[in-house]
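Below: one structure, written as structure tokens.
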Amino acid sequence: MAQSLPPIRVLPSTGRAPAALDLRDVRDRPLRDLRISVTDRCNFRCVYCMPKEIFGRDFQFRERDELLTFEEIERLARIAVGLGVRKLRITGGEPLLRRGIEDLVARLAAIRTPSGEAVDLALTTNGSALPVKAAALAAAGLQRVTISLDSLIEERFQAINDVKFPVKRVLAAIDAAAEAGLGPVKINTVLKRGVNDDEILDLAEHFRGTGHILRFIEFMDVGATNGWLLDDVVPSAEVVRRISERYPLEPAAPTHPGETAKRWKYVDGAGEIGVISSVTGAFCGDCSRARVSAEGQLYTCLFASSGLDLRELLRGDAGDEELSGILAQHWGLRDDNYSEIRAALTPGSRKRIEMSYIGG
Ligand code: SAM
Ligand code: SF4
Ligand code: SF4
């Protein structure tokens, strides 16, 4: 069943979706990147993402039949690629908890752009299941993984994930991913002042020269359960300065437009790091990302308070062309720039979706 939305400039009078490259939002940003959450569940309870007090035994996660099926995700991804998406990222919750995830990977890997090219296919994971699944994921067509790792100190890492998951198993996951050919492996470290900012140099040293790309992420005010304070944020400029004092860094050109991480190369050739300045250096200006929650809500911003119900549309009788037109229209209306206006908003004035639900 089609959802009624006001007409917008991107919709040609035929009601058809515009050609991929013509699709622009209100701020002239194309749609290039689709992040697909396949589950809202996770086997970790990272204190800044799924604190146990909220995500405890009684927490009601989505039932299986509420989640988009692999067929539905594939169809949606195919339509999105037709509209200009060139990068698909599978996320969650913990995506490797979704049974048969390799099947979804294979379906997404088979999608081709209108000119017949494959799209970039990546997955973000806490790594816990990677030693078992890396080879199968690579065989199914997954190209790269990003693995989250916030500390190298055993006690601290276990306190952050809050389920006593040992750090050595995540390090083993990184090795397994690289061996399976899922590289270069990116490692995401969320920095929080007073929690792990004393490890910036140790982490940099650990991954220098390995071929893996360590990325430091500024702790963000996503959701409403992580008790975010601006004082907790470790600015990327500080990260670069602290590493550079020991191992000089120089800026590197972005790999593609709209890239979230700013790249810095070690001057001595030992590889690169990335910094994601979601708080101190808003990159809304060329944000080309949309996110789909596990139950099929489409969000055009990580900080959105409402989405478009794609599941209803996918399960209704709309054909691909109609769906494509609705998606295009929705993107055409997009005006999000939360990170640019964050400072001007009254704290708590906006309802926000949890990161574990919307996908990082
Ligand atoms: N479970 C997977 C994982 O941890 O990689 C995928 C989903 S997780 C929500 C995706 C990424 O979001 C992780 O790298 C996580 O560290 C990051 N993240 C979660 N909450 C965050 C926050 N408040 N600020 C910045 N990054 C956050
Ligand atoms: Fe789970 Fe990832 Fe959130 Fe940690 S950051 S609780 S691993 S979804
Ligand atoms: Fe994109 Fe929203 Fe983040 Fe800005 S705040 S970069 S629009 S997801």
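All residue names refer to the structure tokens as shown: chains lettered A, B, ... in order, residues numbered from 1 in each chain, ligands numbered from 1 in order.
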
**Request:** Mind the document's chain letters and residue numbers, and return as a ChimeraX atom specification the residues of segment 100-329 of chain A that DSSP labels alpha helix (DSSP H).
**Result:** /A:101-109,130-140,154-161,167-179,200-207,236-246,310-315,320-329

**Request:** Could you give me, as a list of chain:residue names, the residues within 10 Å of Pro251 of chain A, counting only C-alpha atoms and dropping anything in the same chain fewer than 2 positions from it?
**Result:** A:Val240, A:Leu249, A:Ala253, A:Pro254, A:Lys262, A:Arg263, A:Trp264, A:Lys265, A:Tyr266, A:Val267, A:Glu272, A:Ile273, A:Gly274

Within 7 Å of ligand 2, which residues show up when you count only C-alpha atoms and all ligand atoms? List them as a short mmCIF file (atom, residue, chain, number, x, y, z; two decimals) with C-alpha atoms, in the first residue's frame, please.
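Saved as result_4.cif:
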data_model
loop_
_atom_site.label_atom_id
_atom_site.label_comp_id
_atom_site.auth_asym_id
_atom_site.auth_seq_id
_atom_site.Cartn_x
_atom_site.Cartn_y
_atom_site.Cartn_z
CA CYS A 42 23.12 -8.37 20.57
CA ASN A 43 25.18 -10.72 22.71
CA PHE A 44 27.09 -7.73 24.16
CA ARG A 45 25.72 -5.07 26.45
CA CYS A 46 28.19 -2.28 25.70
CA CYS A 49 24.98 1.33 23.50
CA MET A 50 22.79 -1.29 25.22
CA GLY A 92 22.66 -4.39 13.85
CA GLY A 93 22.49 -5.07 16.85
CA GLU A 94 24.95 -7.84 16.22
CA THR A 125 30.35 -6.61 13.90
CA ASN A 126 31.56 -6.99 17.46
CA ASN A 161 31.00 -5.03 26.77
CA MET A 355 21.95 2.89 17.95
CA SER A 356 21.43 -0.85 18.50
#

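Near segment 259-261 of chain A, within 8 Å and counting only C-alpha atoms, sit Arg215, Pro254, Thr255, His256, Gly274, Val275, Ile276, Ser277 and Phe283 of chain A, not including residues fewer than 3 positions from it in the same chain.
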
Could you build a table of the residues in segment 227-339 of chain A lying no more than 12 Å from segment 174-198 of chain A, giving for each the nearest pair of atoms and their separation in Å rounded to one decimal place, using only C-alpha atoms, ordered by chain and ascending residue number, as a tab-separated table?
residue	atom	partner	partner_atom	distance
A:Gly227	CA	A:Lys192	CA	11.8
A:Trp228	CA	A:Lys192	CA	9.7
A:Leu229	CA	A:Lys192	CA	9.9
A:Leu230	CA	A:Arg193	CA	9.7
A:Asp231	CA	A:Arg193	CA	7.3
A:Asp232	CA	A:Arg193	CA	4.7
A:Val233	CA	A:Lys192	CA	5.8
A:Val234	CA	A:Arg193	CA	5.8
A:Pro235	CA	A:Leu191	CA	9.0
A:Ser236	CA	A:Leu191	CA	9.5
A:Glu238	CA	A:Asp197	CA	10.0
A:Val239	CA	A:Asp197	CA	8.6
A:Arg242	CA	A:Asp198	CA	10.2
A:Ile243	CA	A:Asp198	CA	11.5
A:Ala261	CA	A:Asn188	CA	10.5
A:Gly271	CA	A:Pro184	CA	10.7
A:Glu272	CA	A:Lys186	CA	10.5
A:Ile273	CA	A:Lys186	CA	9.2
A:Gly274	CA	A:Asn188	CA	9.1
A:Val275	CA	A:Asn188	CA	9.5
A:Ile276	CA	A:Val190	CA	9.3
A:Ser277	CA	A:Val190	CA	10.8
A:Ser278	CA	A:Val190	CA	11.0
A:Val279	CA	A:Leu191	CA	12.0

**Message:** Which residues are close to segment 108-117 of chain A, i.e. within 8 Å by only C-alpha atoms, leaving aside same-chain residues fewer than 4 positions away? Reply as a ChimeraX atom specification.
**Reply:** /A:74,77-78,81-82,86,104,121,140-142

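One finds atom CA of Ile36 of chain A at 14.6 Å from atom CA of Ala106 of chain A.
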
**Item:** Between atom CA of Val119 of chain A and atom CA of Lys87 of chain A - distance in Å to one decimal
**Value:** 5.7 Å

**Prompt:** Can you tell me which residues sit at most 6 Å away from ligand 3, counting only C-alpha atoms and all ligand atoms, written as a list in words?
**Reply:**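 Those within range of ligand 3 are Phe283, Cys284, Cys287, Cys301, Leu302, Phe303, Asp336, Asn337, Tyr338 and Ser339 of chain A.
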
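The smallest atom-to-atom distance between Ser37 of chain A and any of A:Ala118, A:Ala290, A:Leu323, A:Leu214, using only C-alpha atoms, is found for A:Ala290.
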
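Put simply, atom CA of Arg315 of chain A is 11.0 Å away from atom CA of Glu71 of chain A.
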
**strand (DSSP E) call set, DSSP backbone run, segment 93-279 of chain A, as number ranges by chain** = A: 120-125, 144-148, 186-191, 213-218, 249-251, 262-266, 272-276

**Prompt:** Neighbours of segment 25-35 of chain A within 8 Å (only C-alpha atoms; same-chain residues fewer than 2 positions away dropped), as number ranges by chain?
**Reply:** A: 21-23, 37, 77, 80, 83-91, 285-292, 331-335, 359-360

Keeping only N, CA and C atoms, write the selected residues to a file as an mmCIF file, in the first residue's frame.
data_model
loop_
_atom_site.group_PDB
_atom_site.id
_atom_site.type_symbol
_atom_site.label_atom_id
_atom_site.label_comp_id
_atom_site.auth_asym_id
_atom_site.auth_seq_id
_atom_site.Cartn_x
_atom_site.Cartn_y
_atom_site.Cartn_z
ATOM 1 N N LEU A 21 21.514 9.117 -10.885
ATOM 2 C CA LEU A 21 22.399 10.234 -10.590
ATOM 3 C C LEU A 21 21.645 11.542 -10.382
ATOM 4 N N ASP A 22 20.363 11.580 -10.764
ATOM 5 C CA ASP A 22 19.590 12.807 -10.571
ATOM 6 C C ASP A 22 19.026 12.935 -9.165
ATOM 7 N N LEU A 23 18.997 11.821 -8.450
ATOM 8 C CA LEU A 23 18.304 11.842 -7.164
ATOM 9 C C LEU A 23 19.093 12.640 -6.129
ATOM 10 N N SER A 37 20.183 -2.828 9.071
ATOM 11 C CA SER A 37 20.240 -3.548 10.336
ATOM 12 C C SER A 37 19.437 -4.840 10.185
ATOM 13 N N ALA A 77 17.266 -3.531 -1.272
ATOM 14 C CA ALA A 77 18.632 -3.146 -1.646
ATOM 15 C C ALA A 77 18.735 -2.975 -3.159
ATOM 16 N N ALA A 80 17.209 0.253 -4.052
ATOM 17 C CA ALA A 80 18.066 1.358 -3.615
ATOM 18 C C ALA A 80 19.276 1.504 -4.536
ATOM 19 N N LEU A 83 18.570 3.420 -7.399
ATOM 20 C CA LEU A 83 18.443 4.863 -7.141
ATOM 21 C C LEU A 83 19.790 5.527 -6.857
ATOM 22 N N GLY A 84 20.862 4.755 -6.921
ATOM 23 C CA GLY A 84 22.183 5.376 -6.759
ATOM 24 C C GLY A 84 23.033 4.806 -5.637
ATOM 25 N N VAL A 85 22.465 3.937 -4.800
ATOM 26 C CA VAL A 85 23.272 3.365 -3.712
ATOM 27 C C VAL A 85 24.413 2.538 -4.296
ATOM 28 N N ARG A 86 25.618 2.749 -3.777
ATOM 29 C CA ARG A 86 26.781 2.005 -4.262
ATOM 30 C C ARG A 86 27.482 1.263 -3.135
ATOM 31 N N LYS A 87 26.961 1.443 -1.922
ATOM 32 C CA LYS A 87 27.608 0.805 -0.790
ATOM 33 C C LYS A 87 26.542 0.252 0.149
ATOM 34 N N LEU A 88 26.621 -1.036 0.424
ATOM 35 C CA LEU A 88 25.680 -1.658 1.349
ATOM 36 C C LEU A 88 26.455 -2.102 2.576
ATOM 37 N N ARG A 89 25.929 -1.785 3.745
ATOM 38 C CA ARG A 89 26.600 -2.220 4.965
ATOM 39 C C ARG A 89 25.588 -2.959 5.834
ATOM 40 N N ILE A 90 25.927 -4.170 6.218
ATOM 41 C CA ILE A 90 25.047 -4.958 7.086
ATOM 42 C C ILE A 90 25.457 -4.689 8.529
ATOM 43 N N THR A 91 24.474 -4.377 9.375
ATOM 44 C CA THR A 91 24.807 -4.033 10.743
ATOM 45 C C THR A 91 23.694 -4.499 11.673
ATOM 46 N N GLY A 285 27.084 17.830 5.490
ATOM 47 C CA GLY A 285 27.094 18.464 4.174
ATOM 48 C C GLY A 285 27.157 17.468 3.034
ATOM 49 N N ASP A 286 27.911 16.378 3.214
ATOM 50 C CA ASP A 286 27.882 15.375 2.149
ATOM 51 C C ASP A 286 27.492 13.996 2.666
ATOM 52 N N CYS A 287 26.539 13.989 3.574
ATOM 53 C CA CYS A 287 26.038 12.713 4.109
ATOM 54 C C CYS A 287 25.079 12.076 3.108
ATOM 55 N N SER A 288 25.502 10.936 2.585
ATOM 56 C CA SER A 288 24.701 10.275 1.553
ATOM 57 C C SER A 288 24.172 8.934 2.059
ATOM 58 N N ARG A 289 23.960 8.844 3.386
ATOM 59 C CA ARG A 289 23.580 7.564 3.997
ATOM 60 C C ARG A 289 22.099 7.500 4.394
ATOM 61 N N ALA A 290 21.531 6.332 4.171
ATOM 62 C CA ALA A 290 20.205 6.039 4.723
ATOM 63 C C ALA A 290 20.341 4.741 5.517
ATOM 64 N N ARG A 291 19.472 4.574 6.487
ATOM 65 C CA ARG A 291 19.529 3.387 7.328
ATOM 66 C C ARG A 291 18.165 2.708 7.375
ATOM 67 N N VAL A 292 18.208 1.382 7.391
ATOM 68 C CA VAL A 292 16.963 0.629 7.530
ATOM 69 C C VAL A 292 17.059 -0.198 8.801
ATOM 70 N N TRP A 331 13.577 10.468 -0.157
ATOM 71 C CA TRP A 331 14.936 11.022 -0.127
ATOM 72 C C TRP A 331 14.921 12.488 -0.587
ATOM 73 N N GLY A 332 14.099 12.757 -1.570
ATOM 74 C CA GLY A 332 14.020 14.126 -2.092
ATOM 75 C C GLY A 332 13.567 15.128 -1.043
ATOM 76 N N LEU A 333 12.823 14.647 -0.047
ATOM 77 C CA LEU A 333 12.329 15.536 1.014
ATOM 78 C C LEU A 333 13.314 15.666 2.167
ATOM 79 N N ARG A 334 14.384 14.910 2.098
ATOM 80 C CA ARG A 334 15.308 14.842 3.231
ATOM 81 C C ARG A 334 16.023 16.175 3.459
ATOM 82 N N ASP A 335 16.010 16.597 4.722
ATOM 83 C CA ASP A 335 16.643 17.876 5.039
ATOM 84 C C ASP A 335 17.515 17.734 6.297
ATOM 85 N N GLY A 359 21.189 0.772 13.851
ATOM 86 C CA GLY A 359 22.428 0.285 13.212
ATOM 87 C C GLY A 359 23.441 1.396 13.062
ATOM 88 N N GLY A 360 24.710 1.089 13.406
ATOM 89 C CA GLY A 360 25.745 2.135 13.418
ATOM 90 C C GLY A 360 26.232 2.483 12.035
#

**Message:** Can you tell me which residues surround Arg169 of chain A at a distance of at most 8 Å, considering only C-alpha atoms, apart from same-chain residues fewer than 4 positions away, and format the answer as a PyMOL selection string?
**Reply:** chain A and resi 127-128+165+173

**Request:** Could you check which of A:Leu327, A:Val105, A:Leu97, A:Leu137 is closest to ligand 1, using only C-alpha atoms and all ligand atoms?
**Result:**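 Selected residue with least distance to ligand 1: A:Leu97.
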